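> Quick one: the structure is below, and I'll ask about it shortly.
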Amino acid sequence: EGWATIPYEIRNLEIRAEIASFHVGFLAHHERGPVRFDWRAEIEGTADGRIVFAVRGSAGASFLRHRIGLCVLHPAEACAGRRCIVETVDGDRAESVFPALVSPHQPFRSVRAILHEVSPGVEVEVRMEGDAFETEDQGNWSDASFKTYGTPLHLPHPVPLKSGSRVEQSVSLSL
C-alpha cells in the first residue's frame, strides 16, 4: 500500500539449460502485514533470440496495492534521444523518441510493445501482456533508465486486491 517492495522467498527452483535454449521456473511467496501473494515464474529463452518472462500469481488475502507485476528497465545511455516504435494496447503503432532530457511526464502511455535499435542493425521488441503499461523516465529519481511498468499512475491508487484474485503478466524480448 505504501509503495513498499515486499521481500519474497523462492521455492521449487528449476533450471534447464540446453545449447540453444533455457528454462527457469520457480514459485515466489510474499508475506508481510496484510500482504499474502504467491506467483509462479516461467522464463524461457529460445534459439531465435526470444526470451519470455511470464508470471501467474494469486492473492492469499485481501490487501491494497499500488503495483504488482513486471517492470522493464531500458538503459538511458542506449535509449535517450533515440527513435522507437510504440505499439499501444489498442494495436496502433507510432514512431516516437525516448526523451533526450529528463522527462517529468510519462513519455509513453497505454504501451503494449516498444521496438528500438540496441546496436547498429540490431533491434529489440519488448512486448508486455496482462496489464496496461506505461513508461517513465527514471532520471527523475537519478536512475539511469526508463522504466516500463504495469498499473499506470493516472489510475486511482491504491488498488484493492481481493483474496483469490489472479494476476498474470508476461514480457517478451525478441531480437
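A note on labels: chains of the C-alpha cells are A, B, ... as shown, every chain counts residues from 1, and ligands are counted from 1 in their shown order.
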Return as a tab-separated table the residues of stretch 7-55 of chain A lying at most 10 Å from stretch 119-141 of chain A, together with the closest atom-to-atom pair for each and the distance in Å to one decimal, counting only C-alpha atoms, with rows in chain order and ascending residue number.


residue	atom	partner	partner_atom	distance
A:Gly49	CA	A:Val124	CA	9.6
A:Arg50	CA	A:Glu125	CA	9.4
A:Ile51	CA	A:Val126	CA	9.7
A:Val52	CA	A:Arg127	CA	9.2
A:Phe53	CA	A:Met128	CA	9.7
A:Ala54	CA	A:Glu129	CA	9.1
A:Val55	CA	A:Gly130	CA	9.6

> May I have the residues within 10 Å of A:Phe146 as a list in words, using only C-alpha atoms and disregarding those fewer than 5 positions away in the same chain?

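With the cut-off at 10 Å, the set is Val72, Leu73, His74, Pro75, Ala76, Glu77, Cys79, Ala80, Phe98, Pro99, Val102, Ser103, Gln106, Pro107, Thr135, Glu136, Asp137, Gln138, Gly139 and Asn140 of chain A.
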
> What's the separation between atom CA of A:Gly60 and atom CA of A:Ile6, in Å to one decimal place?

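Those two atoms sit 14.2 Å apart.
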
> Have a look at atom CA of A:Gly69 and atom CA of A:Pro158 and let me know their distance in Å, one decimal.

14.5 Å

> Which residue out of A:Lys162, A:Ser110, A:Ser170, A:Arg40 has the minimum interatomic distance to A:Ser62 when only C-alpha atoms are used?

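Checking each candidate against A:Ser62, we get A:Lys162 as the closest.
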
> Set the distance at 9 Å and use only C-alpha atoms: which residues neighbour A:Ala28 once local chain neighbours fewer than 5 positions away are removed? I'd like the list as an MDAnalysis selection string.

chainID A and resid 8:12 37:41 57

> For the residues in that selection, give me N, CA, C and O atoms as an mmCIF file, in the first residue's frame.


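Result saved to part.cif:
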data_model
loop_
_atom_site.group_PDB
_atom_site.id
_atom_site.type_symbol
_atom_site.label_atom_id
_atom_site.label_comp_id
_atom_site.auth_asym_id
_atom_site.auth_seq_id
_atom_site.Cartn_x
_atom_site.Cartn_y
_atom_site.Cartn_z
ATOM 1 N N TYR A 8 10.518 -11.568 -0.977
ATOM 2 C CA TYR A 8 9.923 -12.859 -1.325
ATOM 3 C C TYR A 8 10.870 -13.991 -0.994
ATOM 4 O O TYR A 8 12.077 -13.806 -0.846
ATOM 5 N N GLU A 9 10.275 -15.153 -0.880
ATOM 6 C CA GLU A 9 11.030 -16.391 -0.674
ATOM 7 C C GLU A 9 10.806 -17.243 -1.923
ATOM 8 O O GLU A 9 9.669 -17.440 -2.352
ATOM 9 N N ILE A 10 11.908 -17.706 -2.531
ATOM 10 C CA ILE A 10 11.808 -18.550 -3.726
ATOM 11 C C ILE A 10 11.763 -20.014 -3.315
ATOM 12 O O ILE A 10 12.529 -20.457 -2.452
ATOM 13 N N ARG A 11 10.865 -20.737 -3.963
ATOM 14 C CA ARG A 11 10.714 -22.175 -3.716
ATOM 15 C C ARG A 11 10.695 -22.909 -5.066
ATOM 16 O O ARG A 11 10.333 -22.334 -6.081
ATOM 17 N N ASN A 12 11.033 -24.170 -5.039
ATOM 18 C CA ASN A 12 10.928 -25.052 -6.216
ATOM 19 C C ASN A 12 11.633 -24.494 -7.452
ATOM 20 O O ASN A 12 11.069 -24.496 -8.544
ATOM 21 N N PHE A 37 0.905 -12.966 -1.083
ATOM 22 C CA PHE A 37 0.844 -13.091 -2.539
ATOM 23 C C PHE A 37 1.841 -14.138 -2.994
ATOM 24 O O PHE A 37 3.005 -14.116 -2.594
ATOM 25 N N ASP A 38 1.384 -15.074 -3.828
ATOM 26 C CA ASP A 38 2.216 -16.143 -4.378
ATOM 27 C C ASP A 38 2.143 -16.082 -5.898
ATOM 28 O O ASP A 38 1.081 -15.819 -6.464
ATOM 29 N N TRP A 39 3.284 -16.331 -6.552
ATOM 30 C CA TRP A 39 3.286 -16.363 -8.002
ATOM 31 C C TRP A 39 4.279 -17.378 -8.530
ATOM 32 O O TRP A 39 5.227 -17.760 -7.859
ATOM 33 N N ARG A 40 3.998 -17.843 -9.731
ATOM 34 C CA ARG A 40 4.842 -18.797 -10.441
ATOM 35 C C ARG A 40 5.496 -18.069 -11.607
ATOM 36 O O ARG A 40 4.811 -17.370 -12.360
ATOM 37 N N ALA A 41 6.804 -18.184 -11.732
ATOM 38 C CA ALA A 41 7.535 -17.584 -12.853
ATOM 39 C C ALA A 41 7.991 -18.676 -13.805
ATOM 40 O O ALA A 41 8.422 -19.751 -13.371
ATOM 41 N N GLY A 57 0.078 -15.166 -10.634
ATOM 42 C CA GLY A 57 0.026 -15.085 -9.188
ATOM 43 C C GLY A 57 -1.388 -15.001 -8.664
ATOM 44 O O GLY A 57 -2.337 -14.756 -9.405
#

> For a quick check of understanding, using only C-alpha atoms, which of A:Arg166, A:Asp90, A:Phe26, A:Glu1 has the smallest distance to A:Leu13?

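With only C-alpha atoms as the atom set, the closest residue is A:Phe26.
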
> Excluding A:Leu70 and any residue of its chain fewer than 4 positions from it, enumerate the residues within 8 Å of it, using only C-alpha atoms, and give them as a list in words.

Tyr149, Gly150, Gln169, Ser170 and Val171 of chain A

> Keeping C-alpha atoms for every residue in the selection just given, could you write it to a file as a short mmCIF file (atom, residue, chain, number, x, y, z; two decimals), in the first residue's frame?


data_model
loop_
_atom_site.label_atom_id
_atom_site.label_comp_id
_atom_site.auth_asym_id
_atom_site.auth_seq_id
_atom_site.Cartn_x
_atom_site.Cartn_y
_atom_site.Cartn_z
CA TYR A 149 5.61 -0.97 -15.78
CA GLY A 150 2.00 -2.03 -15.30
CA GLN A 169 1.64 -10.81 -16.91
CA SER A 170 4.36 -11.51 -19.39
CA VAL A 171 7.23 -9.66 -21.02
#

> List every residue of chain A that DSSP, applied to the backbone of this structure, assigns to strand (DSSP E or B), and report them as a PyMOL selection string.

chain A and resi 8-17+22-32+35-45+50-59+63-65+71-75+83-88+93-97+108-119+122-129+133-137+145-150+159-161+166-174

> Those same residues - C-alpha atoms - I'd like them written as an mmCIF file, in the first residue's frame.


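As written to disk, part.cif reads:
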data_model
loop_
_atom_site.group_PDB
_atom_site.id
_atom_site.type_symbol
_atom_site.label_atom_id
_atom_site.label_comp_id
_atom_site.auth_asym_id
_atom_site.auth_seq_id
_atom_site.Cartn_x
_atom_site.Cartn_y
_atom_site.Cartn_z
ATOM 1 C CA TYR A 8 9.923 -12.859 -1.325
ATOM 2 C CA GLU A 9 11.030 -16.391 -0.674
ATOM 3 C CA ILE A 10 11.808 -18.550 -3.726
ATOM 4 C CA ARG A 11 10.714 -22.175 -3.716
ATOM 5 C CA ASN A 12 10.928 -25.052 -6.216
ATOM 6 C CA LEU A 13 13.637 -23.529 -8.407
ATOM 7 C CA GLU A 14 14.049 -25.383 -11.722
ATOM 8 C CA ILE A 15 16.807 -24.599 -14.229
ATOM 9 C CA ARG A 16 17.303 -26.331 -17.577
ATOM 10 C CA ALA A 17 19.989 -25.162 -19.976
ATOM 11 C CA PHE A 22 16.945 -22.383 -21.449
ATOM 12 C CA HIS A 23 14.089 -22.608 -18.960
ATOM 13 C CA VAL A 24 13.892 -21.248 -15.415
ATOM 14 C CA GLY A 25 10.857 -21.754 -13.210
ATOM 15 C CA PHE A 26 10.153 -21.017 -9.558
ATOM 16 C CA LEU A 27 7.496 -20.157 -7.021
ATOM 17 C CA ALA A 28 7.744 -16.899 -5.063
ATOM 18 C CA HIS A 29 5.965 -16.189 -1.781
ATOM 19 C CA HIS A 30 5.481 -12.654 -0.365
ATOM 20 C CA GLU A 31 4.149 -12.136 3.148
ATOM 21 C CA ARG A 32 4.175 -9.027 5.312
ATOM 22 C CA VAL A 35 0.013 -8.901 2.124
ATOM 23 C CA ARG A 36 -0.058 -12.554 1.103
ATOM 24 C CA PHE A 37 0.844 -13.091 -2.539
ATOM 25 C CA ASP A 38 2.216 -16.143 -4.378
ATOM 26 C CA TRP A 39 3.286 -16.363 -8.002
ATOM 27 C CA ARG A 40 4.842 -18.797 -10.441
ATOM 28 C CA ALA A 41 7.535 -17.584 -12.853
ATOM 29 C CA GLU A 42 8.400 -19.247 -16.149
ATOM 30 C CA ILE A 43 11.361 -17.819 -18.060
ATOM 31 C CA GLU A 44 12.101 -19.280 -21.487
ATOM 32 C CA GLY A 45 14.906 -18.473 -23.915
ATOM 33 C CA ARG A 50 13.428 -14.593 -27.899
ATOM 34 C CA ILE A 51 13.094 -14.516 -24.110
ATOM 35 C CA VAL A 52 9.707 -14.693 -22.375
ATOM 36 C CA PHE A 53 9.221 -13.999 -18.672
ATOM 37 C CA ALA A 54 5.692 -14.937 -17.575
ATOM 38 C CA VAL A 55 4.188 -14.725 -14.085
ATOM 39 C CA ARG A 56 0.910 -16.050 -12.723
ATOM 40 C CA GLY A 57 0.026 -15.085 -9.188
ATOM 41 C CA SER A 58 -2.806 -15.057 -6.707
ATOM 42 C CA ALA A 59 -3.603 -13.120 -3.566
ATOM 43 C CA PHE A 63 -4.893 -6.011 0.635
ATOM 44 C CA LEU A 64 -4.242 -2.660 -1.055
ATOM 45 C CA ARG A 65 -1.527 -2.376 -3.679
ATOM 46 C CA CYS A 71 8.945 -3.883 -14.863
ATOM 47 C CA VAL A 72 11.335 -3.456 -17.770
ATOM 48 C CA LEU A 73 14.316 -1.133 -17.458
ATOM 49 C CA HIS A 74 15.621 0.425 -20.686
ATOM 50 C CA PRO A 75 19.141 1.856 -20.211
ATOM 51 C CA ARG A 83 13.863 6.666 -32.103
ATOM 52 C CA CYS A 84 11.467 3.870 -31.290
ATOM 53 C CA ILE A 85 8.118 2.487 -32.369
ATOM 54 C CA VAL A 86 5.487 2.247 -29.649
ATOM 55 C CA GLU A 87 2.517 -0.095 -30.035
ATOM 56 C CA THR A 88 -0.442 0.754 -27.804
ATOM 57 C CA ARG A 93 1.828 1.740 -33.851
ATOM 58 C CA ALA A 94 3.560 5.109 -33.993
ATOM 59 C CA GLU A 95 7.114 6.352 -34.251
ATOM 60 C CA SER A 96 8.337 8.150 -31.160
ATOM 61 C CA VAL A 97 11.560 9.082 -29.374
ATOM 62 C CA PHE A 108 4.737 6.531 -23.448
ATOM 63 C CA ARG A 109 1.288 5.529 -22.179
ATOM 64 C CA SER A 110 -1.009 2.586 -22.870
ATOM 65 C CA VAL A 111 2.007 0.586 -24.062
ATOM 66 C CA ARG A 112 1.794 -2.953 -25.441
ATOM 67 C CA ALA A 113 5.233 -3.047 -27.134
ATOM 68 C CA ILE A 114 8.320 -0.912 -27.776
ATOM 69 C CA LEU A 115 10.664 -1.575 -30.699
ATOM 70 C CA HIS A 116 14.063 0.129 -30.794
ATOM 71 C CA GLU A 117 17.616 -0.353 -32.001
ATOM 72 C CA VAL A 118 20.050 -1.694 -29.374
ATOM 73 C CA SER A 119 23.152 -1.587 -31.581
ATOM 74 C CA VAL A 122 20.037 -4.948 -34.176
ATOM 75 C CA GLU A 123 16.538 -4.152 -32.937
ATOM 76 C CA VAL A 124 14.708 -5.418 -29.877
ATOM 77 C CA GLU A 125 10.960 -5.643 -29.440
ATOM 78 C CA VAL A 126 9.807 -5.602 -25.820
ATOM 79 C CA ARG A 127 6.184 -6.820 -25.626
ATOM 80 C CA MET A 128 4.111 -6.655 -22.431
ATOM 81 C CA GLU A 129 0.843 -8.508 -21.792
ATOM 82 C CA PHE A 133 1.756 -0.464 -19.195
ATOM 83 C CA GLU A 134 3.414 2.934 -19.383
ATOM 84 C CA THR A 135 6.989 4.213 -19.446
ATOM 85 C CA GLU A 136 8.519 6.742 -17.077
ATOM 86 C CA ASP A 137 11.888 8.460 -17.071
ATOM 87 C CA SER A 145 16.989 4.211 -17.133
ATOM 88 C CA PHE A 146 13.497 4.411 -18.471
ATOM 89 C CA LYS A 147 11.067 2.035 -16.750
ATOM 90 C CA THR A 148 8.043 0.381 -18.371
ATOM 91 C CA TYR A 149 5.611 -0.973 -15.782
ATOM 92 C CA GLY A 150 2.004 -2.033 -15.299
ATOM 93 C CA VAL A 159 -5.948 -0.600 -5.825
ATOM 94 C CA PRO A 160 -7.802 -3.165 -3.692
ATOM 95 C CA LEU A 161 -6.759 -6.749 -4.425
ATOM 96 C CA ARG A 166 -5.299 -13.563 -10.051
ATOM 97 C CA VAL A 167 -2.521 -11.514 -11.646
ATOM 98 C CA GLU A 168 -0.993 -12.693 -14.935
ATOM 99 C CA GLN A 169 1.636 -10.812 -16.909
ATOM 100 C CA SER A 170 4.363 -11.513 -19.395
ATOM 101 C CA VAL A 171 7.227 -9.663 -21.017
ATOM 102 C CA SER A 172 8.875 -10.971 -24.154
ATOM 103 C CA LEU A 173 12.098 -9.742 -25.719
ATOM 104 C CA SER A 174 12.721 -10.512 -29.369
#

> For atom CA of A:Asp92 and atom CA of A:Leu155, determine how far apart the two atoms are, in Å to one decimal place.

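Rounded to one decimal, the two atoms are 21.3 Å apart.
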
> What are the DSSP helix (DSSP H, G or I) residues of chain A, as JSON, numbers by chain?

{"A": [76, 77, 78, 79, 138, 139, 140, 141]}

> Create the file for the chosen residues now, containing all heavy atoms and written as a JSON list (two decimals), in the first residue's frame.


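Listing of result_36.json after writing:
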[["chain", "number", "residue", "atom", "x", "y", "z"],
["A", 76, "ALA", "N", 19.23, 4.28, -20.11],
["A", 76, "ALA", "CA", 19.17, 5.64, -20.66],
["A", 76, "ALA", "C", 20.30, 5.87, -21.67],
["A", 76, "ALA", "O", 20.08, 6.49, -22.71],
["A", 76, "ALA", "CB", 19.25, 6.67, -19.54],
["A", 77, "GLU", "N", 21.48, 5.36, -21.38],
["A", 77, "GLU", "CA", 22.61, 5.57, -22.29],
["A", 77, "GLU", "C", 22.32, 5.03, -23.69],
["A", 77, "GLU", "O", 22.70, 5.63, -24.69],
["A", 77, "GLU", "CB", 23.86, 4.89, -21.73],
["A", 77, "GLU", "CG", 25.10, 5.14, -22.55],
["A", 77, "GLU", "CD", 26.33, 4.51, -21.92],
["A", 77, "GLU", "OE1", 26.47, 4.57, -20.70],
["A", 77, "GLU", "OE2", 27.15, 3.97, -22.69],
["A", 78, "ALA", "N", 21.63, 3.90, -23.77],
["A", 78, "ALA", "CA", 21.33, 3.28, -25.06],
["A", 78, "ALA", "C", 20.05, 3.81, -25.70],
["A", 78, "ALA", "O", 19.86, 3.64, -26.90],
["A", 78, "ALA", "CB", 21.22, 1.77, -24.89],
["A", 79, "CYS", "N", 19.18, 4.47, -24.92],
["A", 79, "CYS", "CA", 17.86, 4.85, -25.44],
["A", 79, "CYS", "C", 17.61, 6.35, -25.53],
["A", 79, "CYS", "O", 16.88, 6.79, -26.42],
["A", 79, "CYS", "CB", 16.77, 4.22, -24.58],
["A", 79, "CYS", "SG", 16.72, 2.42, -24.64],
["A", 138, "GLN", "N", 13.22, 7.39, -15.37],
["A", 138, "GLN", "CA", 13.78, 7.21, -14.03],
["A", 138, "GLN", "C", 14.82, 8.28, -13.69],
["A", 138, "GLN", "O", 15.26, 8.38, -12.56],
["A", 138, "GLN", "CB", 14.41, 5.82, -13.91],
["A", 138, "GLN", "CG", 13.42, 4.69, -13.95],
["A", 138, "GLN", "CD", 12.58, 4.61, -12.69],
["A", 138, "GLN", "OE1", 11.49, 4.30, -12.70],
["A", 138, "GLN", "NE2", 13.06, 4.86, -11.59],
["A", 139, "GLY", "N", 15.19, 9.09, -14.69],
["A", 139, "GLY", "CA", 16.10, 10.20, -14.42],
["A", 139, "GLY", "C", 15.54, 11.17, -13.40],
["A", 139, "GLY", "O", 16.29, 11.90, -12.74],
["A", 140, "ASN", "N", 14.21, 11.16, -13.24],
["A", 140, "ASN", "CA", 13.57, 11.99, -12.21],
["A", 140, "ASN", "C", 14.03, 11.61, -10.82],
["A", 140, "ASN", "O", 13.90, 12.38, -9.88],
["A", 140, "ASN", "CB", 12.05, 11.86, -12.30],
["A", 140, "ASN", "CG", 11.49, 12.62, -13.48],
["A", 140, "ASN", "OD1", 11.59, 13.83, -13.53],
["A", 140, "ASN", "ND2", 10.93, 11.90, -14.44],
["A", 141, "TRP", "N", 14.52, 10.39, -10.65],
["A", 141, "TRP", "CA", 14.99, 9.89, -9.35],
["A", 141, "TRP", "C", 16.47, 9.54, -9.41],
["A", 141, "TRP", "O", 16.95, 8.71, -8.67],
["A", 141, "TRP", "CB", 14.14, 8.70, -8.92],
["A", 141, "TRP", "CG", 12.72, 9.11, -8.77],
["A", 141, "TRP", "CD1", 12.13, 9.67, -7.68],
["A", 141, "TRP", "CD2", 11.70, 9.03, -9.77],
["A", 141, "TRP", "NE1", 10.82, 9.96, -7.94],
["A", 141, "TRP", "CE2", 10.52, 9.57, -9.21],
["A", 141, "TRP", "CE3", 11.66, 8.57, -11.08],
["A", 141, "TRP", "CZ2", 9.32, 9.67, -9.92],
["A", 141, "TRP", "CZ3", 10.47, 8.66, -11.78],
["A", 141, "TRP", "CH2", 9.32, 9.21, -11.19]]

> When you count only C-alpha atoms, which of these residues is closest to A:His157: A:Arg67, A:Ile19, A:Ala4, A:Pro34?

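Once distances to A:His157 are computed over only C-alpha atoms, the minimum belongs to A:Arg67.
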